[in-house]
file start.txt (compact mmCIF, C-alpha atoms (C1' of nucleotides))
# COMPACT_ATOMS: atom_id res chain seq x y z
CA MET A 1 -35.78 17.81 68.54
CA ALA A 2 -35.69 15.65 65.44
CA LYS A 3 -38.76 17.17 63.87
CA THR A 4 -37.09 17.17 60.49
CA ILE A 5 -34.67 14.87 58.75
CA ALA A 6 -32.06 17.46 57.97
CA GLU A 7 -30.98 20.62 59.71
CA ARG A 8 -29.00 23.40 58.21
CA ALA A 9 -26.09 22.64 60.53
CA ASP A 10 -25.93 19.05 59.26
CA VAL A 11 -25.68 20.20 55.66
CA VAL A 12 -22.79 22.64 56.09
CA PRO A 13 -20.01 20.02 56.55
CA LEU A 14 -21.23 18.20 53.46
CA LEU A 15 -21.19 21.47 51.54
CA ALA A 16 -17.65 22.13 52.74
CA GLU A 17 -16.45 18.82 51.38
CA VAL A 18 -18.15 19.35 48.03
CA LEU A 19 -16.62 22.83 47.72
CA ARG A 20 -13.16 21.48 48.53
CA GLU A 21 -13.50 18.80 45.86
CA TYR A 22 -15.14 20.80 43.10
CA GLY A 23 -14.32 24.43 43.83
CA PHE A 24 -16.95 27.14 43.95
CA GLU A 25 -17.75 27.22 40.26
CA GLY A 26 -17.35 23.49 39.78
CA ALA A 27 -19.77 22.66 42.57
CA SER A 28 -23.02 22.87 40.63
CA LEU A 29 -26.35 22.60 42.38
CA ALA A 30 -26.77 19.23 40.70
CA VAL A 31 -23.60 17.92 42.39
CA ILE A 32 -24.49 19.58 45.67
CA GLY A 33 -27.93 18.01 45.59
CA GLU A 34 -26.44 14.62 44.86
CA ARG A 35 -23.89 14.79 47.66
CA THR A 36 -26.18 16.23 50.30
CA GLY A 37 -29.15 14.10 49.33
CA LEU A 38 -31.28 17.25 49.16
CA GLY A 39 -33.30 18.61 46.27
CA LYS A 40 -32.98 22.15 45.07
CA GLY A 41 -36.12 23.06 46.96
CA SER A 42 -34.60 22.04 50.27
CA LEU A 43 -31.30 23.69 49.52
CA TYR A 44 -32.94 27.00 48.73
CA HIS A 45 -35.10 26.60 51.82
CA PHE A 46 -31.97 26.43 53.98
CA PHE A 47 -29.94 28.87 51.93
CA PRO A 48 -32.24 31.41 50.25
CA GLY A 49 -29.20 33.20 48.90
CA GLY A 50 -28.19 30.16 46.86
CA LYS A 51 -24.60 29.04 46.36
CA GLU A 52 -23.19 32.28 47.65
CA GLU A 53 -24.93 31.80 50.99
CA MET A 54 -23.86 28.16 51.10
CA ALA A 55 -20.22 29.10 50.64
CA ALA A 56 -20.54 31.88 53.21
CA ALA A 57 -21.98 29.39 55.71
CA VAL A 58 -19.09 27.03 55.05
CA LEU A 59 -16.52 29.78 55.55
CA GLN A 60 -18.22 30.79 58.79
CA GLU A 61 -18.16 27.21 60.05
CA ILE A 62 -14.47 26.93 59.15
CA ASP A 63 -13.77 30.15 61.02
CA ARG A 64 -15.73 28.91 64.03
CA TRP A 65 -13.76 25.65 64.08
CA PHE A 66 -10.35 27.32 63.80
CA GLU A 67 -11.30 29.92 66.38
CA ALA A 68 -12.24 27.21 68.90
CA GLU A 69 -9.57 24.64 68.07
CA VAL A 70 -6.61 26.74 66.97
CA TYR A 71 -6.78 30.51 67.48
CA ARG A 72 -8.20 30.65 71.02
CA PRO A 73 -5.84 27.98 72.41
CA LEU A 74 -2.93 29.85 70.85
CA ARG A 75 -4.02 33.14 72.36
CA GLU A 76 -5.11 31.95 75.79
CA ALA A 77 -3.25 28.78 76.72
CA THR A 78 -1.14 29.01 79.86
CA ASP A 79 1.45 26.83 78.15
CA PRO A 80 2.08 28.41 74.73
CA ARG A 81 4.54 25.71 73.72
CA ALA A 82 1.89 23.04 74.21
CA ALA A 83 -0.64 25.17 72.33
CA ILE A 84 1.73 25.43 69.36
CA ASP A 85 2.29 21.68 69.38
CA GLY A 86 -1.46 21.30 69.58
CA MET A 87 -1.84 23.55 66.53
CA ILE A 88 0.50 21.35 64.51
CA GLY A 89 -1.52 18.28 65.46
CA ALA A 90 -4.83 19.97 64.73
CA VAL A 91 -3.58 21.14 61.33
CA ASP A 92 -2.31 17.67 60.49
CA ASP A 93 -5.69 16.17 61.36
CA TYR A 94 -7.73 18.88 59.71
CA PHE A 95 -5.92 18.68 56.39
CA ARG A 96 -5.80 14.90 56.61
CA SER A 97 -2.03 14.88 56.48
CA GLY A 98 -2.04 16.66 53.14
CA ARG A 99 -4.84 14.77 51.45
CA ARG A 100 -7.34 17.57 51.98
CA ILE A 101 -6.89 21.07 50.65
CA CYS A 102 -7.52 24.34 52.45
CA LEU A 103 -10.75 25.78 51.06
CA VAL A 104 -9.82 29.28 52.18
CA GLY A 105 -6.45 29.06 50.45
CA ALA A 106 -8.12 27.74 47.30
CA PHE A 107 -10.60 30.61 47.40
CA ALA A 108 -7.70 33.04 47.75
CA LEU A 109 -6.24 31.86 44.41
CA ASP A 110 -9.64 31.69 42.75
CA ASN A 111 -11.56 34.52 41.16
CA VAL A 112 -14.18 34.18 43.90
CA ARG A 113 -11.67 35.72 46.29
CA ASP A 114 -13.17 39.18 45.89
CA ARG A 115 -16.62 37.90 46.79
CA PHE A 116 -15.39 36.42 50.07
CA ALA A 117 -12.48 38.76 50.65
CA THR A 118 -13.39 39.59 54.23
CA ALA A 119 -13.69 35.96 55.34
CA VAL A 120 -10.52 34.94 53.50
CA LYS A 121 -8.53 37.82 54.90
CA GLY A 122 -9.87 37.29 58.41
CA TYR A 123 -9.01 33.60 58.45
CA PHE A 124 -5.33 34.19 57.75
CA ALA A 125 -4.98 37.42 59.70
CA GLU A 126 -6.40 35.84 62.85
CA TRP A 127 -4.25 32.77 62.47
CA ARG A 128 -1.08 34.78 62.05
CA SER A 129 -1.94 37.05 64.94
CA ALA A 130 -2.84 34.18 67.31
CA LEU A 131 0.32 32.25 66.48
CA ALA A 132 2.49 35.34 66.91
CA SER A 133 0.86 35.89 70.30
CA ALA A 134 1.73 32.36 71.45
CA LEU A 135 5.29 32.71 70.17
CA LYS A 136 5.78 35.94 72.08
CA ARG A 137 4.54 34.37 75.29
CA ALA A 138 6.91 31.47 74.61
CA GLY A 139 9.82 33.85 74.64
CA CYS A 140 10.21 35.07 71.07
CA ALA A 141 11.01 38.67 70.35
CA PRO A 142 7.96 40.46 68.91
CA ASP A 143 9.51 40.93 65.46
CA GLN A 144 10.67 37.37 65.25
CA ALA A 145 7.32 36.08 66.51
CA HIS A 146 5.44 37.87 63.79
CA SER A 147 7.71 36.83 60.95
CA LEU A 148 7.88 33.26 62.21
CA ALA A 149 4.10 33.07 62.43
CA GLU A 150 3.82 34.32 58.86
CA GLU A 151 6.46 31.88 57.70
CA THR A 152 4.60 29.01 59.37
CA ILE A 153 1.29 29.75 57.69
CA ILE A 154 3.08 30.16 54.37
CA ALA A 155 4.71 26.76 54.81
CA ILE A 156 1.40 25.08 55.60
CA GLN A 157 -0.38 26.63 52.63
CA GLY A 158 2.51 26.03 50.26
CA ALA A 159 2.79 22.44 51.40
CA LEU A 160 -0.90 21.89 50.65
CA VAL A 161 -0.36 23.26 47.14
CA LEU A 162 2.72 21.18 46.46
CA SER A 163 1.31 18.02 48.03
CA ARG A 164 -1.69 18.19 45.80
CA ALA A 165 0.29 19.20 42.72
CA LEU A 166 2.63 16.24 43.10
CA ASP A 167 -0.13 14.03 44.45
CA ASP A 168 2.19 13.16 47.30
CA PRO A 169 0.99 13.65 50.91
CA THR A 170 4.49 13.00 52.27
CA VAL A 171 5.38 16.51 51.09
CA PHE A 172 2.91 17.88 53.60
CA SER A 173 4.11 15.66 56.42
CA ARG A 174 7.74 16.63 55.82
CA ALA A 175 6.86 20.32 55.72
CA LEU A 176 4.92 20.08 58.95
CA GLU A 177 7.88 18.41 60.66
CA THR A 178 10.30 21.02 59.37
CA THR A 179 7.99 23.78 60.51
CA GLN A 180 7.55 22.28 63.95
CA ALA A 181 11.30 21.97 64.34
CA ARG A 182 11.78 25.60 63.33
CA LEU A 183 9.19 26.75 65.85
CA ALA A 184 10.73 24.62 68.59
CA LYS A 185 14.16 26.03 67.85
CA ALA A 186 12.93 29.60 68.04
CA MET A 187 11.40 28.91 71.46
CA ALA A 188 14.50 27.19 72.82
CA MET B 1 5.67 37.28 7.80
CA ALA B 2 2.73 39.34 8.96
CA LYS B 3 0.24 37.75 6.64
CA THR B 4 -2.33 37.71 9.41
CA ILE B 5 -3.17 40.03 12.26
CA ALA B 6 -2.87 37.49 15.01
CA GLU B 7 -0.76 34.40 15.44
CA ARG B 8 -1.37 31.62 17.87
CA ALA B 9 1.81 32.49 19.73
CA ASP B 10 0.57 36.06 20.28
CA VAL B 11 -2.66 34.85 21.81
CA VAL B 12 -1.17 32.49 24.40
CA PRO B 13 0.18 35.17 26.77
CA LEU B 14 -3.20 36.91 26.73
CA LEU B 15 -4.88 33.60 27.50
CA ALA B 16 -2.49 33.06 30.37
CA GLU B 17 -3.40 36.37 31.94
CA VAL B 18 -7.13 35.71 31.56
CA LEU B 19 -6.79 32.27 33.14
CA ARG B 20 -4.83 33.71 36.06
CA GLU B 21 -7.51 36.31 36.67
CA TYR B 22 -10.63 34.22 36.15
CA GLY B 23 -9.56 30.62 36.69
CA PHE B 24 -10.32 27.87 34.21
CA GLU B 25 -14.04 27.70 34.80
CA GLY B 26 -14.44 31.41 35.32
CA ALA B 27 -12.73 32.25 32.04
CA SER B 28 -15.69 31.95 29.71
CA LEU B 29 -15.28 32.16 25.96
CA ALA B 30 -17.06 35.49 26.13
CA VAL B 31 -14.39 36.87 28.48
CA ILE B 32 -11.60 35.27 26.49
CA GLY B 33 -12.94 36.76 23.28
CA GLU B 34 -13.18 40.18 24.88
CA ARG B 35 -9.65 40.12 26.28
CA THR B 36 -7.97 38.67 23.20
CA GLY B 37 -10.01 40.71 20.75
CA LEU B 38 -10.82 37.51 18.87
CA GLY B 39 -14.19 36.03 18.04
CA LYS B 40 -15.09 32.45 18.81
CA GLY B 41 -14.42 31.52 15.21
CA SER B 42 -10.82 32.68 15.40
CA LEU B 43 -10.28 31.09 18.79
CA TYR B 44 -11.49 27.73 17.58
CA HIS B 45 -9.39 28.13 14.46
CA PHE B 46 -6.26 28.44 16.62
CA PHE B 47 -7.41 25.99 19.27
CA PRO B 48 -9.72 23.37 17.76
CA GLY B 49 -9.86 21.62 21.11
CA GLY B 50 -11.50 24.64 22.72
CA LYS B 51 -10.77 25.85 26.23
CA GLU B 52 -8.95 22.67 27.16
CA GLU B 53 -6.46 23.18 24.34
CA MET B 54 -6.07 26.85 25.24
CA ALA B 55 -5.18 25.98 28.81
CA ALA B 56 -2.81 23.25 27.65
CA ALA B 57 -1.06 25.75 25.38
CA VAL B 58 -0.70 28.17 28.28
CA LEU B 59 0.75 25.47 30.53
CA GLN B 60 3.18 24.49 27.81
CA GLU B 61 4.29 28.10 27.37
CA ILE B 62 4.77 28.44 31.13
CA ASP B 63 6.84 25.28 31.15
CA ARG B 64 8.90 26.53 28.24
CA TRP B 65 9.59 29.81 30.03
CA PHE B 66 10.58 28.21 33.31
CA GLU B 67 12.71 25.63 31.54
CA ALA B 68 14.66 28.34 29.72
CA GLU B 69 14.81 30.97 32.47
CA VAL B 70 14.89 28.91 35.65
CA TYR B 71 15.39 25.15 35.37
CA ARG B 72 18.17 25.03 32.79
CA PRO B 73 20.26 27.76 34.44
CA LEU B 74 19.89 25.93 37.75
CA ARG B 75 20.96 22.64 36.23
CA GLU B 76 23.75 23.86 33.97
CA ALA B 77 25.22 27.07 35.32
CA THR B 78 28.90 26.92 36.15
CA ASP B 79 28.21 29.13 39.16
CA PRO B 80 25.28 27.50 41.00
CA ARG B 81 25.15 30.26 43.63
CA ALA B 82 24.61 32.86 40.94
CA ALA B 83 21.99 30.66 39.29
CA ILE B 84 20.07 30.42 42.56
CA ASP B 85 20.21 34.17 43.02
CA GLY B 86 19.05 34.47 39.44
CA MET B 87 16.11 32.19 40.21
CA ILE B 88 15.01 34.40 43.09
CA GLY B 89 15.11 37.45 40.83
CA ALA B 90 13.28 35.68 38.01
CA VAL B 91 10.58 34.50 40.41
CA ASP B 92 10.16 37.97 41.86
CA ASP B 93 9.74 39.41 38.38
CA TYR B 94 7.53 36.63 37.09
CA PHE B 95 5.07 36.83 39.97
CA ARG B 96 5.22 40.63 39.94
CA SER B 97 6.47 40.71 43.52
CA GLY B 98 3.39 38.87 44.73
CA ARG B 99 0.76 40.68 42.70
CA ARG B 100 0.41 37.85 40.21
CA ILE B 101 -0.60 34.32 41.16
CA CYS B 102 0.93 31.07 39.96
CA LEU B 103 -1.48 29.54 37.48
CA VAL B 104 -0.02 26.08 37.99
CA GLY B 105 -0.45 26.34 41.75
CA ALA B 106 -4.00 27.58 41.31
CA PHE B 107 -4.72 24.66 39.00
CA ALA B 108 -3.32 22.29 41.62
CA LEU B 109 -5.93 23.45 44.15
CA ASP B 110 -8.71 23.53 41.57
CA ASN B 111 -10.82 20.63 40.41
CA VAL B 112 -9.22 20.95 36.96
CA ARG B 113 -6.04 19.51 38.47
CA ASP B 114 -6.86 16.01 37.28
CA ARG B 115 -7.28 17.20 33.71
CA PHE B 116 -3.82 18.79 33.66
CA ALA B 117 -2.19 16.51 36.21
CA THR B 118 0.86 15.73 34.08
CA ALA B 119 1.70 19.36 33.36
CA VAL B 120 1.08 20.42 36.95
CA LYS B 121 3.17 17.61 38.36
CA GLY B 122 5.96 18.16 35.83
CA TYR B 123 6.21 21.88 36.57
CA PHE B 124 6.88 21.36 40.26
CA ALA B 125 8.90 18.16 39.94
CA GLU B 126 11.29 19.77 37.46
CA TRP B 127 11.63 22.87 39.55
CA ARG B 128 12.44 20.92 42.70
CA SER B 129 14.87 18.67 40.88
CA ALA B 130 16.70 21.55 39.16
CA LEU B 131 17.02 23.53 42.37
CA ALA B 132 18.26 20.50 44.28
CA SER B 133 20.86 19.96 41.55
CA ALA B 134 22.17 23.50 41.91
CA LEU B 135 22.25 23.23 45.70
CA LYS B 136 24.28 20.03 45.52
CA ARG B 137 26.80 21.63 43.19
CA ALA B 138 26.95 24.56 45.59
CA GLY B 139 28.06 22.22 48.32
CA CYS B 140 24.90 20.98 49.99
CA ALA B 141 24.60 17.37 51.04
CA PRO B 142 22.19 15.52 48.73
CA ASP B 143 19.54 15.02 51.43
CA GLN B 144 19.67 18.60 52.54
CA ALA B 145 19.64 19.83 48.95
CA HIS B 146 16.46 17.97 48.19
CA SER B 147 14.59 19.02 51.32
CA LEU B 148 15.75 22.62 50.98
CA ALA B 149 14.60 22.73 47.36
CA GLU B 150 11.20 21.43 48.39
CA GLU B 151 11.02 23.91 51.24
CA THR B 152 11.85 26.75 48.87
CA ILE B 153 9.10 25.92 46.41
CA ILE B 154 6.65 25.51 49.27
CA ALA B 155 7.60 28.94 50.58
CA ILE B 156 7.09 30.56 47.19
CA GLN B 157 3.72 28.94 46.61
CA GLY B 158 2.53 29.56 50.15
CA ALA B 159 3.62 33.18 49.95
CA LEU B 160 1.58 33.64 46.78
CA VAL B 161 -1.47 32.22 48.55
CA LEU B 162 -1.04 34.37 51.64
CA SER B 163 -0.16 37.51 49.71
CA ARG B 164 -3.31 37.25 47.72
CA ALA B 165 -5.46 36.23 50.67
CA LEU B 166 -4.32 39.25 52.69
CA ASP B 167 -4.09 41.42 49.59
CA ASP B 168 -0.62 42.39 50.73
CA PRO B 169 2.32 41.93 48.32
CA THR B 170 4.84 42.68 51.07
CA VAL B 171 4.13 39.16 52.39
CA PHE B 172 5.62 37.78 49.21
CA SER B 173 8.64 40.06 49.28
CA ARG B 174 9.41 39.15 52.90
CA ALA B 175 9.07 35.45 52.17
CA LEU B 176 11.37 35.69 49.19
CA GLU B 177 14.01 37.44 51.31
CA THR B 178 13.73 34.87 54.07
CA THR B 179 14.02 32.07 51.54
CA GLN B 180 17.05 33.61 49.87
CA ALA B 181 18.74 34.00 53.24
CA ARG B 182 18.04 30.37 54.10
CA LEU B 183 19.49 29.20 50.79
CA ALA B 184 22.57 31.38 51.21
CA LYS B 185 23.14 30.05 54.71
CA ALA B 186 22.94 26.44 53.53
CA MET B 187 25.56 27.13 50.88
CA ALA B 188 27.90 28.93 53.25
C1' DG C 1 -39.72 20.84 54.68
C1' DT C 2 -39.19 18.42 50.38
C1' DC C 3 -40.14 17.49 45.89
C1' DT C 4 -40.75 18.19 40.51
C1' DA C 5 -41.36 21.23 36.78
C1' DT C 6 -39.93 25.09 34.61
C1' DA C 7 -38.16 29.54 33.59
C1' DA C 8 -34.36 32.49 32.01
C1' DA C 9 -29.70 33.04 31.17
C1' DG C 10 -25.10 31.53 30.07
C1' DC C 11 -22.13 28.06 28.61
C1' DG C 12 -18.96 25.56 25.08
C1' DA C 13 -18.95 24.36 20.59
C1' DT C 14 -20.30 24.25 15.54
C1' DA C 15 -21.71 25.90 10.85
C1' DG C 16 -21.32 28.60 7.23
C1' DA C 17 -20.87 33.23 4.98
C1' DC C 18 -17.25 36.18 3.63
C1' DG D 1 -8.57 33.78 9.15
C1' DT D 2 -12.46 36.11 11.04
C1' DC D 3 -17.00 36.91 11.72
C1' DT D 4 -22.18 36.14 13.11
C1' DA D 5 -25.82 33.08 13.97
C1' DT D 6 -27.26 29.26 16.14
C1' DC D 7 -27.48 24.67 18.31
C1' DG D 8 -27.83 21.89 22.41
C1' DC D 9 -26.81 21.58 26.91
C1' DT D 10 -26.12 23.07 31.71
C1' DT D 11 -26.48 26.47 34.89
C1' DT D 12 -28.85 29.12 38.87
C1' DA D 13 -33.00 30.21 40.59
C1' DT D 14 -38.14 30.22 41.13
C1' DA D 15 -42.99 28.40 41.48
C1' DG D 16 -46.13 25.61 43.18
C1' DA D 17 -47.87 20.89 44.45
C1' DC D 18 -47.74 17.97 48.39
call {"tool": "encode", "arguments": {"input": "start.txt", "output": "structure tokens"}}
result
Amino acid sequence: MAKTIAERADVVPLLAEVLREYGFEGASLAVIGERTGLGKGSLYHFFPGGKEEMAAAVLQEIDRWFEAEVYRPLREATDPRAAIDGMIGAVDDYFRSGRRICLVGAFALDNVRDRFATAVKGYFAEWRSALASALKRAGCAPDQAHSLAEETIIAIQGALVLSRALDDPTVFSRALETTQARLAKAMA
Amino acid sequence: MAKTIAERADVVPLLAEVLREYGFEGASLAVIGERTGLGKGSLYHFFPGGKEEMAAAVLQEIDRWFEAEVYRPLREATDPRAAIDGMIGAVDDYFRSGRRICLVGAFALDNVRDRFATAVKGYFAEWRSALASALKRAGCAPDQAHSLAEETIIAIQGALVLSRALDDPTVFSRALETTQARLAKAMA
DNA sequence: GTCTATAAAGCGATAGAC
DNA sequence: GTCTATCGCTTTATAGAC
């Protein structure tokens, strides 16, 4: 039903991109209006809580996407090795091979972390737990699975930081390859 | 000569802490004045360029510290293995075992990255290069030294992100141990 | 549902007294 | 060198016309 030009769900991905580029404080309503093509009136109609609600909606959408595309496959796939390979591919696509930052990671280092602490914590905790689950089913010892899952997420986040700091996406690609090799070796 | 209460050099560490806690945009002059105990007049006397100059001074001080305590020892130490162990200890102290974030890494993910691109890039490029130099002198093949240095910095930065996201400093401590073990193994 | 106009507060930065 | 007062601008958020 296209009774209106824009729907809230259409706006959220645009908001996500603006937040990634400008950060929470840098993304002013002026910039948001420009990039979404919506006036302040429309924005507050969709998000009565203002910027805070916009960011919360973005975090929820990110969580929904990772749950469907990454966490659930890791937890439930009959072939955990394939699920882990799938995760690497999904991560490579999602972060545009290092050209796109992780909004949740950026929030974690920002002073807005406290405001979105639950969402930030949940994102990483679920990821680590789902990856550890897949590793265990692939034959890893529980201890090793947990520490390897943690190490993997650390490598991805660190690679996003360093890629962007050096303005060199090959850093991310290399890190993802190294990580994949380490996971494969642990499942051998 | 204590002819004045405050000197510019005394203010910079306070500024660094405020920037780490609030981020560049979040650290308003009101907050900075509160935390340094200086009025706007004094701040602009020391830093005529305003917030931008304050942040630049902080980045320069960080670079100076890492150059003296981390990069130079890595490059010049007669015992590269000891220098690498020293780096791990210095990093653990500097980042307060995961309770303190890396301002340069936070800047890299922030939209202020472009404004301080040279300093941000230099910080990580020098670190990687110095660590690779030490690894080579410790017996690593040049290729392996470079990729291992990169991997190490990625692990440190990623661990800072994840530690803060999960509000769990033990993540950082574990990552530092894992990294140290990997470095030791490569030099064996 | 979308817009413009506007309010109220906070921002970085400056001026000038001391 | 440090302060207070203030400027001019931008911010988030609201109100109300359409």
call {"tool": "interface_residues", "arguments": {"input": "start.txt", "of": "chain B", "to": "chain D", "cutoff": "8 Å", "atoms": "only C-alpha atoms (C1' of nucleotides)", "output": "list in words"}}
result
Thr4, Gly39, Gly41, Ser42 and His45 of chain B
call {"tool": "interface_residues", "arguments": {"input": "start.txt", "of": "chain B", "to": "chain C", "cutoff": "12 Å", "atoms": "only C-alpha atoms (C1' of nucleotides)", "output": "CSV table (one decimal) with C-alpha atoms, in the frame of the given file"}}
result
chain,number,residue,atom,x,y,z
B,25,GLU,CA,-14.0,27.7,34.8
B,26,GLY,CA,-14.4,31.4,35.3
B,27,ALA,CA,-12.7,32.2,32.0
B,28,SER,CA,-15.7,32.0,29.7
B,29,LEU,CA,-15.3,32.2,26.0
B,30,ALA,CA,-17.1,35.5,26.1
B,31,VAL,CA,-14.4,36.9,28.5
B,40,LYS,CA,-15.1,32.4,18.8
B,41,GLY,CA,-14.4,31.5,15.2
B,43,LEU,CA,-10.3,31.1,18.8
B,44,TYR,CA,-11.5,27.7,17.6
B,45,HIS,CA,-9.4,28.1,14.5
B,47,PHE,CA,-7.4,26.0,19.3
B,48,PRO,CA,-9.7,23.4,17.8
B,49,GLY,CA,-9.9,21.6,21.1
B,50,GLY,CA,-11.5,24.6,22.7
B,51,LYS,CA,-10.8,25.8,26.2
B,52,GLU,CA,-9.0,22.7,27.2
call {"tool": "closest_atom_pairs", "arguments": {"input": "start.txt", "of": "chain A", "to": "chain B", "cutoff": "6 Å", "atoms": "all atoms listed in the file", "output": "JSON lines"}}
result
{"residue": "A:Tyr22", "atom": "CA", "partner": "B:Asn111", "partner_atom": "CA", "distance": 5.1}
{"residue": "A:Ala106", "atom": "CA", "partner": "B:Leu109", "partner_atom": "CA", "distance": 5.8}
{"residue": "A:Ala108", "atom": "CA", "partner": "B:Ala165", "partner_atom": "CA", "distance": 4.9}
{"residue": "A:Leu109", "atom": "CA", "partner": "B:Ala106", "partner_atom": "CA", "distance": 5.7}
{"residue": "A:Asn111", "atom": "CA", "partner": "B:Tyr22", "partner_atom": "CA", "distance": 5.1}
{"residue": "A:Val120", "atom": "CA", "partner": "B:Ala165", "partner_atom": "CA", "distance": 5.9}
{"residue": "A:Lys121", "atom": "CA", "partner": "B:Leu166", "partner_atom": "CA", "distance": 5.0}
{"residue": "A:Ile154", "atom": "CA", "partner": "B:Gly158", "partner_atom": "CA", "distance": 4.3}
{"residue": "A:Ala155", "atom": "CA", "partner": "B:Ala155", "partner_atom": "CA", "distance": 5.6}
{"residue": "A:Gln157", "atom": "CA", "partner": "B:Gly158", "partner_atom": "CA", "distance": 4.8}
{"residue": "A:Gly158", "atom": "CA", "partner": "B:Gly158", "partner_atom": "CA", "distance": 3.5}
{"residue": "A:Ala159", "atom": "CA", "partner": "B:Ile154", "partner_atom": "CA", "distance": 5.4}
{"residue": "A:Ala165", "atom": "CA", "partner": "B:Ala108", "partner_atom": "CA", "distance": 4.9}
{"residue": "A:Leu166", "atom": "CA", "partner": "B:Lys121", "partner_atom": "CA", "distance": 5.0}
call {"tool": "atom_distance", "arguments": {"input": "start.txt", "atom1": "atom CA of A:Ala90", "atom2": "atom CA of A:Asp168"}}
result
20.0 Å
call {"tool": "closest_residue", "arguments": {"input": "start.txt", "among": "A:Pro80, A:Thr36, A:Cys140, A:Arg64", "to": "A:Ala188", "atoms": "only C-alpha atoms"}}
result
A:Cys140
call {"tool": "atom_distance", "arguments": {"input": "start.txt", "atom1": "atom CA of A:His146", "atom2": "atom CA of B:Val91"}}
result
24.2 Å
call {"tool": "atom_distance", "arguments": {"input": "start.txt", "atom1": "atom CA of A:Ala6", "atom2": "atom CA of A:Glu69"}}
result
25.7 Å
